[in-house]
Amino acid sequence: MAVMRMGYMHVKVTDLAEAKDHYANTVGLYQTLEQDGKVYYKGWDEWDHHSVVIEEGGIGFVRCGFKAERPEDIADIETKALAMGYPVERMAAGENAEVGDGITVTLPSGHRIDFYSSMTAWGLEVGTHNPDSFPRHMVGIGAPRLDHALLWVGDVAGTEKFFTDCVGMWATERVQTSLDDDAHTIATWLTIGESNHDIALLEAPENKIHHFAFEMRGWSDILHAADIMAMDDVPIDIGPTRHGITRGTTIYFFDPSGNRNETFSGGYRCFRDRPTVVWTPDQLGKAIFYHQRELNERFLTVAT
Amino acid sequence: MPRLTVASDDVEVDVNEGETILEALYRNGYAYRIGCRRGGCAICKVDLVEGEVEYNRTVAEEVLSKQEKAEGICLSCRAVPVGDVTIALREENLRRVASLLAFFQKA
């Protein structure tokens, strides 16, 4: 079940020109393709064709894709998903531009999750031969790579089971109603083993996307990102600050359509045998906003 | 310069050329429940009691539908008053977070 990472995030944007300006000039992604009302971007430290797809018309989640090492890994996920009763469709090569064959699993929440094993190679901005440490002419925030997303779903525990039982992920942290074993799961952070989390799920009455995140290189990059947001008049939801959950440092901000982005850095090494961290609702302020220790008006209410 | 009246709070502020309802209120030191400030999350809806607004940027149909617009619901982060307008907040009141701002701008 060798899924490696969240390979791409595809969202709708209301105004393509404004969104292009945001993702290229503010976030600092590189455009690799514009076709059929969609624009494709990659971060400077990514080697595949794209990690972010924006499409004009509406707002919010369209689909996201996880990259697996080999076609056999996808076949394995397909077998398990079908056995568990999830709707699985075959995804033909080219259905998503520059993406090879794969499958699409539709979660109970309606979110479409693709699994693929090949994407057109593009190359790292710094190359792989005697490379420098970052691109000489980084733009804006200079986001190196897509890291994860948090989805709003109706049934967190049930949806988590897909990712653990079919994909081989495990939970690094959860928010539960209590510390008891039979507590109800309100939110969960799931990893395949590299990032602190590749996908997270939060219980909500609507099936939406809460945010998708770019991994930054450290706290000073987070501060730099906030300065760029000030220069580019980007609304900040919160930050720069630290999350209690994952210990990562963060800024939540909004793209011109209202989709929430995050610049995230840190976390801790995840091993399968690390005990899962548990948070309770009375400490949710500390869990999300570790320094302020109180929620703002937007975190639990705004999603697209 | 149009006047924006908030009926639920008996507050009146000036609106600059091209300014949204949200911008006018915040510039005068008031706050209320807002979200992304970019027309995507639908949190900042208010009711248009009197007057007209226009939208200079695309607002997604799923955020504010034609039906809602016809019913006088407006997205305060994107709605620009055309002439004097009166709005009512929904189930909340304005917060006075920086009362000196209004004073500074009158001077």
# chains A, B, ... in the order shown; residues from 1 in each chain; ligands from 1
>>> interface_residues(of="chain B", to="chain A", cutoff="9 Å", atoms="only C-alpha atoms", output="list of chain:residue names")
B:Arg33, B:Ile34, B:Gly35, B:Cys36, B:Arg37, B:Arg38, B:Gly39, B:Gly40, B:Cys41, B:Ala42, B:Ile43, B:Arg57, B:Thr58, B:Val59, B:Ala60, B:Glu61, B:Glu62, B:Val63
>>> select_by_dssp(residues="region 136-220 of chain A", states="strand (DSSP E)", output="number ranges by chain")
A: 145-153, 170-176, 185-191, 199-203, 209-215
>>> residues_around(residues="Met169 (chain A)", least_positions_apart="2", cutoff="6 Å", atoms="only C-alpha atoms", output="PyMOL selection string")
chain A and resi 163-164+167+191-192
>>> write_last_selection(atoms="N, CA and C atoms", output="PDB file, in the first residue's frame")
ATOM      1  N   PHE A 163      -9.084   5.515   4.876  1.00  0.00           N
ATOM      2  CA  PHE A 163      -7.664   5.846   4.738  1.00  0.00           C
ATOM      3  C   PHE A 163      -6.769   4.884   5.516  1.00  0.00           C
ATOM      4  N   THR A 164      -7.244   4.368   6.641  1.00  0.00           N
ATOM      5  CA  THR A 164      -6.404   3.437   7.403  1.00  0.00           C
ATOM      6  C   THR A 164      -6.469   2.038   6.799  1.00  0.00           C
ATOM      7  N   VAL A 167      -5.760   2.416   2.522  1.00  0.00           N
ATOM      8  CA  VAL A 167      -4.592   3.154   2.038  1.00  0.00           C
ATOM      9  C   VAL A 167      -3.367   2.958   2.921  1.00  0.00           C
ATOM     10  N   THR A 191      -1.542  10.164   8.480  1.00  0.00           N
ATOM     11  CA  THR A 191      -0.296  10.227   7.730  1.00  0.00           C
ATOM     12  C   THR A 191       0.005   8.905   7.056  1.00  0.00           C
ATOM     13  N   ILE A 192       0.805   8.993   5.979  1.00  0.00           N
ATOM     14  CA  ILE A 192       1.319   7.793   5.338  1.00  0.00           C
ATOM     15  C   ILE A 192       2.776   7.612   5.752  1.00  0.00           C
TER      16      ILE A 192
END
>>> atom_distance(atom1="CA of Asp47 (chain B)", atom2="CA of Asp14 (chain B)")
18.4 Å
>>> residues_around(residues="Val82 (chain B)", least_positions_apart="2", cutoff="7 Å", atoms="only C-alpha atoms", output="list of chain:residue names")
B:Glu52, B:Val53, B:Glu54, B:Val80, B:Asp84
>>> write_last_selection(atoms="N, CA and C atoms", output="PDB file, in the first residue's frame")
ATOM      1  N   GLU B  52     -29.689  50.075  -2.707  1.00  0.00           N
ATOM      2  CA  GLU B  52     -29.172  49.111  -3.680  1.00  0.00           C
ATOM      3  C   GLU B  52     -27.681  48.901  -3.498  1.00  0.00           C
ATOM      4  N   VAL B  53     -27.237  47.698  -3.859  1.00  0.00           N
ATOM      5  CA  VAL B  53     -25.809  47.416  -3.879  1.00  0.00           C
ATOM      6  C   VAL B  53     -25.436  46.836  -5.224  1.00  0.00           C
ATOM      7  N   GLU B  54     -24.161  46.952  -5.568  1.00  0.00           N
ATOM      8  CA  GLU B  54     -23.673  46.296  -6.783  1.00  0.00           C
ATOM      9  C   GLU B  54     -22.446  45.457  -6.434  1.00  0.00           C
ATOM     10  N   VAL B  80     -21.113  46.640  -2.821  1.00  0.00           N
ATOM     11  CA  VAL B  80     -20.752  48.063  -2.828  1.00  0.00           C
ATOM     12  C   VAL B  80     -22.036  48.879  -2.881  1.00  0.00           C
ATOM     13  N   ASP B  84     -27.412  55.749  -0.793  1.00  0.00           N
ATOM     14  CA  ASP B  84     -27.608  55.415   0.626  1.00  0.00           C
ATOM     15  C   ASP B  84     -28.211  54.011   0.761  1.00  0.00           C
TER      16      ASP B  84
END
